[in-house]
Structure formats: C-alpha cells, structure tokens
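Right, one structure below, let's go through it.
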Amino acid sequence: MPQPQAVLRPRTAAEILDGAFQLLRAHYAPLVSASLVLVAPFALLEIAVPEPARWMTGLLTNLALMAGNAATVLIVAYAYLGRPIGAMAAVRTVLARFPSVWGAAFLQGIAVIVGFLLLVIPGFVALAWTFAMPMVVMVEGVGAGDAFERSKSLVRGDVLRVLGILALAYALYFVAILGISLTLGFILGALGAGDTLLEALGGVLAITFYPLIGVVGTLLYFDLRIRKEAFDLEVLLDDEVEELPAAPALT
C-alpha cells in the first residue's frame, strides 16, 4: 500500500507553506510540465497575435490557467496520498472534467465579483468560501454546483485563517515573479532584446512558479478536512486507483 507523504494532523500556516515548498520541490517536474502544456501555448499566442485579437487569446489563456490549476490540484492530491501521477495523466483527467472545472471557476468568479461590488468585506468572505471549489471538483469528483456548498462548509469558521494563508501564498508568488521580471529585464535589456521577447519569456517563466498557489490551496483543503472531518488517509488509500479514470474521486 502506498504511504501518504503527510502526517495526519492539523497544521499551522507555516507548516502548510513549508509542506507546499517540499511538495513543489519533490514534484516540480510534473507540476510545471502540466502547467506548461496547458498554459504556455496560449500565453505565447496572446503575445504573438495583433492587439485587436488579444481579447480572444486572453480568454483562452484564462481557460488554460483554470485547467493548469486543476492539474496542480490533482498532482498534489495524489502525491499527498503517496501515489504520484505524471503530468500527462493529470492533463488528460483535467480535460475530461473540464466542464466541471470551468463551471466551478465561473461560479467562484461570480461570487467574488458580486461580493466586492456589494462591499469589500463580502468579497473577501466569498474568496475564502470558494477557494476549495477546484479541489472539491478534482479530488471528490463532484459537479460545480455542489462544489460551492461543499467548499463553503469546509471554510465555515475559518475564513480569516484561510484568507491569511492564501495571502501569504500570493505574496510569495508575486515576490518571486517580481524578482524574475527584474532579473530577466536587466539581462535582456543588456543584450538589446525587444519588449516582445521580454514579455514572452516573462510569461513562460511566470508559469514555472504558478503551481505554488494551487499547491498551497490543496494542502489547505486537506488540512480543513483533517480538522473538521477526522480525515482518514488509510481509508482513502484502501480504494487504490490503478489508472486514472475520466473523473477520479479520491474520497
């Protein structure tokens, strides 16, 4: 029986972030490969097309980012349970479940936008309530509609903690991207490269750090389940998956 890569206990914010970096380092190749396969072609296309057509390529890039995040969730979930999967297996599974992935992202976006339009605080609450929707869709195999209520129930009573951990993850991500952009801009500027090349390379390199958000979110999702549902990894591992079906449910 495969062994889980995490001790079954509640974790602090620092421990979740530390665990995220450990998982990111241990499974960096499949995480980045899945993101590059799904996102990079559209990110480069968005730069290459004329300005009037960029709204369409921008839409495709956003859809690809949803898929890339879902692939990250799946790879991290399987790694967490001690049975790592490859990038292409994750990509195939995400594409098979993409209607639910897109639906969850759409409902999540609507809830957050409406919350911020009403007042700022409801927007942050909506952000916390909906953060686990991609994890619920990919890990539990449920549809987009049920994912909202499921995510909300997991977060209930932990809104501030969830927002704090997500804020730290985004802060680390943007600091890394800023550092890369400044370094890349200095090097390419010294070589006389144009802005288009800088933008293209910057976009691709940003994808290499993009999985961090999904890794942290997935570990936070499992942490909430451990705290609120006495989440039992041994029970999960009894139902071992030999090959990924179109819509794997890890629960």
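Letters A, B, ... go to the chains of the structure tokens in the order shown; residues in each chain start at 1; ligands are counted from 1 in the same order.
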
(request) Tell me which protein, DNA and RNA residues are within 9 Å of Tyr221 in chain A, counting only C-alpha atoms, leaving out same-chain ones fewer than 3 positions away, and put them as a ChimeraX atom specification. (result) /A:131-132,135-136,151,154-155,216-218,224-226

(message) Which residues are near Val215 in chain A? Cut-off 12 Å, only C-alpha atoms, ignore same chain within fewer than 4 positions. Put them as a PyMOL selection string.
(response) chain A and resi 16-28+31-32+68-80+132+134-135+165-166+169-170+173+209-211+219-222

(request) Would you please work out which residue, of A:Leu118, A:Ile110, A:Leu182, A:Leu65, is nearest to Gly214 in chain A when using only C-alpha atoms? (result) A:Leu65

(message) Give me the residues near Phe98 in chain A as a list in words, where near means some atom within 10 Å (using only C-alpha atoms) and where sequence neighbours in that chain fewer than 3 positions away do not count.
(response)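 The filter keeps Leu63, Met66, Ala67, Ala70, Arg92, Thr93, Val94, Leu95, Val101, Trp102, Gly103, Ala104, Val137, Met138 and Ala247 of chain A.
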
(message) I need the residue nearest Leu168 in chain A from this list: A:Lys152, A:Ile213, A:Ser181, A:Met133. Use only C-alpha atoms for the distance.
(response) A:Ile213

(request) Tell me, as an MDAnalysis selection string, which residues lie within 10 Å of Leu36 in chain A, counting only C-alpha atoms; anything in the same chain fewer than 5 positions away does not count. (result) chainID A and resid 30:31 41:43 64:65 68 87 204:205 207:208 210

Those residues you just picked out, can you put them in a file as a tab-separated table (two decimals), in the first residue's frame with N, CA, C and O atoms?
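Produced file again_4.tsv, reproduced below:
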```tsv
chain	number	residue	atom	x	y	z
A	30	PRO	N	6.50	17.27	-12.85
A	30	PRO	CA	5.14	17.10	-13.35
A	30	PRO	C	4.27	18.32	-13.16
A	30	PRO	O	3.42	18.62	-14.01
A	31	LEU	N	4.46	19.05	-12.07
A	31	LEU	CA	3.65	20.24	-11.82
A	31	LEU	C	3.89	21.30	-12.90
A	31	LEU	O	2.94	21.84	-13.47
A	41	PRO	N	1.21	27.49	-24.53
A	41	PRO	CA	0.86	27.81	-25.93
A	41	PRO	C	-0.06	29.01	-26.07
A	41	PRO	O	0.12	29.84	-26.96
A	42	PHE	N	-1.03	29.13	-25.14
A	42	PHE	CA	-1.97	30.25	-25.23
A	42	PHE	C	-1.33	31.55	-24.74
A	42	PHE	O	-1.63	32.63	-25.26
A	43	ALA	N	-0.44	31.45	-23.74
A	43	ALA	CA	0.26	32.65	-23.27
A	43	ALA	C	1.15	33.23	-24.37
A	43	ALA	O	1.20	34.45	-24.57
A	64	ALA	N	-7.08	28.22	-19.93
A	64	ALA	CA	-5.92	27.34	-19.75
A	64	ALA	C	-5.39	27.42	-18.32
A	64	ALA	O	-4.95	26.41	-17.75
A	65	LEU	N	-5.42	28.61	-17.72
A	65	LEU	CA	-4.99	28.76	-16.34
A	65	LEU	C	-5.88	27.97	-15.39
A	65	LEU	O	-5.40	27.39	-14.41
A	68	GLY	N	-4.75	24.48	-15.78
A	68	GLY	CA	-3.45	24.30	-15.15
A	68	GLY	C	-3.57	24.19	-13.64
A	68	GLY	O	-2.89	23.36	-13.00
A	87	ALA	N	2.50	14.11	-15.36
A	87	ALA	CA	1.88	15.33	-15.86
A	87	ALA	C	0.80	15.03	-16.89
A	87	ALA	O	-0.30	15.60	-16.85
A	204	VAL	N	6.22	32.90	-19.82
A	204	VAL	CA	6.54	31.47	-19.69
A	204	VAL	C	7.19	31.18	-18.35
A	204	VAL	O	6.86	30.20	-17.66
A	205	LEU	N	8.14	32.03	-17.93
A	205	LEU	CA	8.81	31.81	-16.65
A	205	LEU	C	7.84	31.97	-15.48
A	205	LEU	O	7.98	31.28	-14.46
A	207	ILE	N	4.89	30.97	-15.40
A	207	ILE	CA	4.17	29.71	-15.30
A	207	ILE	C	4.94	28.72	-14.44
A	207	ILE	O	4.34	27.86	-13.76
A	208	THR	N	6.27	28.83	-14.42
A	208	THR	CA	7.06	27.89	-13.64
A	208	THR	C	6.85	28.06	-12.14
A	208	THR	O	7.15	27.16	-11.37
A	210	TYR	N	3.74	29.31	-11.12
A	210	TYR	CA	2.28	29.32	-10.98
A	210	TYR	C	1.74	28.19	-10.11
A	210	TYR	O	0.78	28.41	-9.35
```

(message) So the first atom is CA of Arg161 in chain A and the second is CA of Ala13 in chain A; what is the distance between them in Å, to one decimal place?
(response) 8.1 Å

(message) as a list in words, please: the residues near range 106-108 of chain A (cut-off 9 Å, only C-alpha atoms, same-chain neighbours under 5 positions excluded).
(response) Val101, Ile113, Ala126, Leu127, Trp129, Thr130, Phe131, Met133, Ala144, Gly145 and Phe148 of chain A
